[in-house]
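Visitor: Handing you a structure now.
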Amino acid sequence: MDIFFQTWPWYVSGFLIGLIMLTLIYFGKHFGMSSNLESLCSMSGLGKKISYFDFDWKANQWNLIVVLGAILGGFVAANLMSDPTNVSINPKTIEQLAILGIDAPNGKLAPDVLFGNSIFESPKSILILIIGGVLIGFGTRYAGGCTSGHAISGLSNLQLPSLKAVIGFFIGGLLMAHLILPLIF
């Protein structure tokens, strides 16, 4: 059981993801988390008011089970199997975060200043969460899918739009980390 309580090497995790993608390709399925939001809207009956959501959501039922599995797996991993002490952060990253007023996680997976309940006490933090959520929702819709859909499923199907989207995701992440994040904090 020790193998389940350790961080897996990239080549094991990558191989397993590749195996799952080959299985999905074999069955003619496309993976992506954001498509489940469309299915949930269709399930709720929103298709009666907005034609975009008027489709047979039962065809994507398998993907909803993937989301439930991801939620359950994340909960089990974080609460029952995690050992954050084996997470190593580059000392230069810790220094750069300290300049922004963000402490090192110190035995946790994420710093409290960014992911603790205290963020709900600050109007600035709440505004950042709302604006970030809207931008992520807009970006996901504009790009025609989320990072998991494009980077994992789209690239494994050799789709050029997914390659363009993933390049955009990386450029956006670099701009955020190096230019916008220092302005916010």
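Every chain in the structure tokens takes a letter, A first, then B, and so on in the order presented; its residues are numbered from 1, and the ligands are numbered from 1 following the presented order.
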Which residues come within 12 Å of Ser156 (chain A), counting only C-alpha atoms, excluding same-chain residues fewer than 5 positions away, as an MDAnalysis selection string?
Guide: chainID A and resid 17:26 29:31 148:151 162:163
Visitor: Just all heavy atoms for this one: save the residues we selected as a compact mmCIF listing (two decimals), in the first residue's frame.
Guide:
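Result file is out_19.txt:
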```
# COMPACT_ATOMS: atom_id res chain seq x y z
N ILE A 17 -2.33 7.96 -17.93
CA ILE A 17 -3.19 8.90 -18.65
C ILE A 17 -3.25 8.54 -20.13
O ILE A 17 -4.31 8.57 -20.76
CB ILE A 17 -2.71 10.35 -18.45
CG1 ILE A 17 -2.94 10.79 -17.00
CG2 ILE A 17 -3.41 11.31 -19.41
CD1 ILE A 17 -2.30 12.11 -16.64
N GLY A 18 -2.10 8.20 -20.70
CA GLY A 18 -2.05 7.79 -22.10
C GLY A 18 -2.88 6.55 -22.37
O GLY A 18 -3.58 6.45 -23.38
N LEU A 19 -2.85 5.61 -21.44
CA LEU A 19 -3.64 4.38 -21.57
C LEU A 19 -5.14 4.70 -21.55
O LEU A 19 -5.91 4.16 -22.35
CB LEU A 19 -3.28 3.43 -20.43
CG LEU A 19 -3.52 1.96 -20.60
CD1 LEU A 19 -2.76 1.42 -21.79
CD2 LEU A 19 -3.11 1.21 -19.34
N ILE A 20 -5.52 5.59 -20.67
CA ILE A 20 -6.93 6.01 -20.60
C ILE A 20 -7.34 6.70 -21.90
O ILE A 20 -8.41 6.44 -22.45
CB ILE A 20 -7.17 6.93 -19.38
CG1 ILE A 20 -7.04 6.11 -18.10
CG2 ILE A 20 -8.52 7.62 -19.46
CD1 ILE A 20 -6.98 6.93 -16.83
N MET A 21 -6.46 7.57 -22.43
CA MET A 21 -6.79 8.27 -23.67
C MET A 21 -6.91 7.31 -24.84
O MET A 21 -7.79 7.46 -25.68
CB MET A 21 -5.74 9.35 -23.97
CG MET A 21 -5.80 10.53 -23.02
SD MET A 21 -7.47 11.16 -22.70
CE MET A 21 -8.08 11.45 -24.31
N LEU A 22 -6.05 6.30 -24.91
CA LEU A 22 -6.16 5.30 -25.98
C LEU A 22 -7.49 4.56 -25.89
O LEU A 22 -8.13 4.29 -26.90
CB LEU A 22 -5.00 4.31 -25.91
CG LEU A 22 -3.66 4.82 -26.42
CD1 LEU A 22 -2.56 3.79 -26.16
CD2 LEU A 22 -3.73 5.17 -27.90
N THR A 23 -7.91 4.27 -24.67
CA THR A 23 -9.20 3.60 -24.47
C THR A 23 -10.35 4.49 -24.93
O THR A 23 -11.28 4.03 -25.61
CB THR A 23 -9.39 3.22 -22.98
OG1 THR A 23 -8.27 2.43 -22.57
CG2 THR A 23 -10.66 2.45 -22.76
N LEU A 24 -10.30 5.79 -24.58
CA LEU A 24 -11.35 6.72 -24.99
C LEU A 24 -11.37 6.88 -26.51
O LEU A 24 -12.44 6.92 -27.13
CB LEU A 24 -11.16 8.07 -24.32
CG LEU A 24 -11.44 8.13 -22.82
CD1 LEU A 24 -11.07 9.48 -22.24
CD2 LEU A 24 -12.90 7.81 -22.53
N ILE A 25 -10.20 6.97 -27.12
CA ILE A 25 -10.13 7.08 -28.58
C ILE A 25 -10.72 5.83 -29.23
O ILE A 25 -11.47 5.92 -30.21
CB ILE A 25 -8.68 7.33 -29.05
CG1 ILE A 25 -8.24 8.74 -28.64
CG2 ILE A 25 -8.55 7.15 -30.56
CD1 ILE A 25 -6.76 9.00 -28.82
N TYR A 26 -10.40 4.68 -28.68
CA TYR A 26 -10.92 3.42 -29.22
C TYR A 26 -12.45 3.42 -29.22
O TYR A 26 -13.09 2.97 -30.16
CB TYR A 26 -10.39 2.24 -28.41
CG TYR A 26 -10.93 0.91 -28.86
CD1 TYR A 26 -10.45 0.30 -30.01
CD2 TYR A 26 -11.94 0.28 -28.14
CE1 TYR A 26 -10.95 -0.91 -30.44
CE2 TYR A 26 -12.46 -0.93 -28.57
CZ TYR A 26 -11.96 -1.53 -29.71
OH TYR A 26 -12.47 -2.72 -30.14
N LYS A 29 -14.72 8.45 -27.78
CA LYS A 29 -15.12 9.43 -26.77
C LYS A 29 -14.08 10.54 -26.68
O LYS A 29 -12.90 10.35 -26.98
CB LYS A 29 -15.26 8.77 -25.39
CG LYS A 29 -16.24 7.62 -25.35
CD LYS A 29 -17.65 8.09 -25.47
CE LYS A 29 -18.62 6.94 -25.31
NZ LYS A 29 -19.98 7.31 -25.60
N HIS A 30 -14.52 11.74 -26.26
CA HIS A 30 -13.64 12.87 -26.05
C HIS A 30 -13.77 13.29 -24.60
O HIS A 30 -14.87 13.53 -24.10
CB HIS A 30 -14.00 14.04 -26.97
CG HIS A 30 -13.89 13.69 -28.41
ND1 HIS A 30 -12.69 13.65 -29.06
CD2 HIS A 30 -14.82 13.35 -29.32
CE1 HIS A 30 -12.88 13.31 -30.31
NE2 HIS A 30 -14.18 13.12 -30.50
N PHE A 31 -12.63 13.43 -23.93
CA PHE A 31 -12.61 13.76 -22.51
C PHE A 31 -12.49 15.26 -22.31
O PHE A 31 -11.81 15.95 -23.06
CB PHE A 31 -11.41 13.07 -21.86
CG PHE A 31 -11.17 13.49 -20.45
CD1 PHE A 31 -11.96 12.99 -19.44
CD2 PHE A 31 -10.17 14.37 -20.14
CE1 PHE A 31 -11.74 13.38 -18.13
CE2 PHE A 31 -9.94 14.76 -18.84
CZ PHE A 31 -10.73 14.26 -17.83
N SER A 148 -7.92 20.41 -19.47
CA SER A 148 -7.87 18.94 -19.54
C SER A 148 -8.40 18.44 -20.87
O SER A 148 -7.85 17.50 -21.44
CB SER A 148 -8.65 18.31 -18.38
OG SER A 148 -10.02 18.68 -18.42
N GLY A 149 -9.44 19.07 -21.37
CA GLY A 149 -10.00 18.65 -22.65
C GLY A 149 -9.04 18.87 -23.80
O GLY A 149 -8.84 18.01 -24.65
N HIS A 150 -8.42 20.05 -23.83
CA HIS A 150 -7.49 20.36 -24.93
C HIS A 150 -6.15 19.67 -24.74
O HIS A 150 -5.63 19.04 -25.67
CB HIS A 150 -7.27 21.87 -25.04
CG HIS A 150 -8.38 22.59 -25.73
ND1 HIS A 150 -8.72 22.35 -27.04
CD2 HIS A 150 -9.23 23.56 -25.29
CE1 HIS A 150 -9.73 23.13 -27.39
NE2 HIS A 150 -10.05 23.87 -26.33
N ALA A 151 -5.55 19.80 -23.54
CA ALA A 151 -4.19 19.31 -23.34
C ALA A 151 -4.11 17.80 -23.33
O ALA A 151 -3.14 17.23 -23.80
CB ALA A 151 -3.61 19.88 -22.05
N SER A 162 -6.53 22.37 -30.49
CA SER A 162 -6.11 22.07 -29.12
C SER A 162 -4.67 22.49 -28.89
O SER A 162 -4.32 22.99 -27.82
CB SER A 162 -6.28 20.58 -28.82
OG SER A 162 -7.64 20.26 -28.73
N LEU A 163 -3.82 22.30 -29.89
CA LEU A 163 -2.43 22.74 -29.77
C LEU A 163 -2.37 24.25 -29.58
O LEU A 163 -1.65 24.76 -28.72
CB LEU A 163 -1.62 22.31 -30.99
CG LEU A 163 -0.15 22.75 -31.00
CD1 LEU A 163 0.60 22.15 -29.83
CD2 LEU A 163 0.50 22.37 -32.32
```
Visitor: Would you pick out the contacts of Ile184 (chain A) at 10 Å or less, using only C-alpha atoms, so that residues sharing its chain but fewer than 4 positions from it are not included, and give the list as a list in words?
Guide: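 The filter keeps Leu100, Lys124, Ser125, Ile128, Met176, Leu179 and Ile180 of chain A.
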Visitor: Go ahead and save the residues from that selection, with N, CA, C and O atoms, as a short mmCIF file (atom, residue, chain, number, x, y, z; two decimals), in the first residue's frame.
Guide:
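This is the output file part08.cif:
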```cif
data_model
loop_
_atom_site.label_atom_id
_atom_site.label_comp_id
_atom_site.auth_asym_id
_atom_site.auth_seq_id
_atom_site.Cartn_x
_atom_site.Cartn_y
_atom_site.Cartn_z
N LEU A 100 5.93 38.55 -2.38
CA LEU A 100 4.52 38.91 -2.61
C LEU A 100 3.68 38.77 -1.34
O LEU A 100 2.47 38.99 -1.37
N LYS A 124 -11.14 42.33 -1.30
CA LYS A 124 -10.23 42.22 -2.44
C LYS A 124 -10.13 40.77 -2.90
O LYS A 124 -10.20 40.50 -4.10
N SER A 125 -9.98 39.84 -1.96
CA SER A 125 -9.87 38.43 -2.32
C SER A 125 -11.16 37.90 -2.94
O SER A 125 -11.12 37.14 -3.91
N ILE A 128 -11.29 39.16 -6.46
CA ILE A 128 -10.36 38.41 -7.30
C ILE A 128 -10.96 37.05 -7.66
O ILE A 128 -10.88 36.61 -8.81
N MET A 176 0.39 35.65 -16.31
CA MET A 176 -0.24 35.79 -14.99
C MET A 176 0.80 35.70 -13.88
O MET A 176 0.82 36.53 -12.97
N LEU A 179 3.63 38.76 -14.52
CA LEU A 179 3.25 40.18 -14.68
C LEU A 179 2.04 40.57 -13.84
O LEU A 179 2.07 41.60 -13.16
N ILE A 180 0.99 39.78 -13.88
CA ILE A 180 -0.25 40.19 -13.23
C ILE A 180 -0.26 39.87 -11.73
O ILE A 180 -0.68 40.68 -10.92
#
```
Visitor: Please provide as a PyMOL selection string all residues within 12 Å of Ser44 (chain A), with the sequence filter that same-chain residues fewer than 3 positions apart are discarded (counting only C-alpha atoms).
Guide: chain A and resi 37-41+47-50+53-57
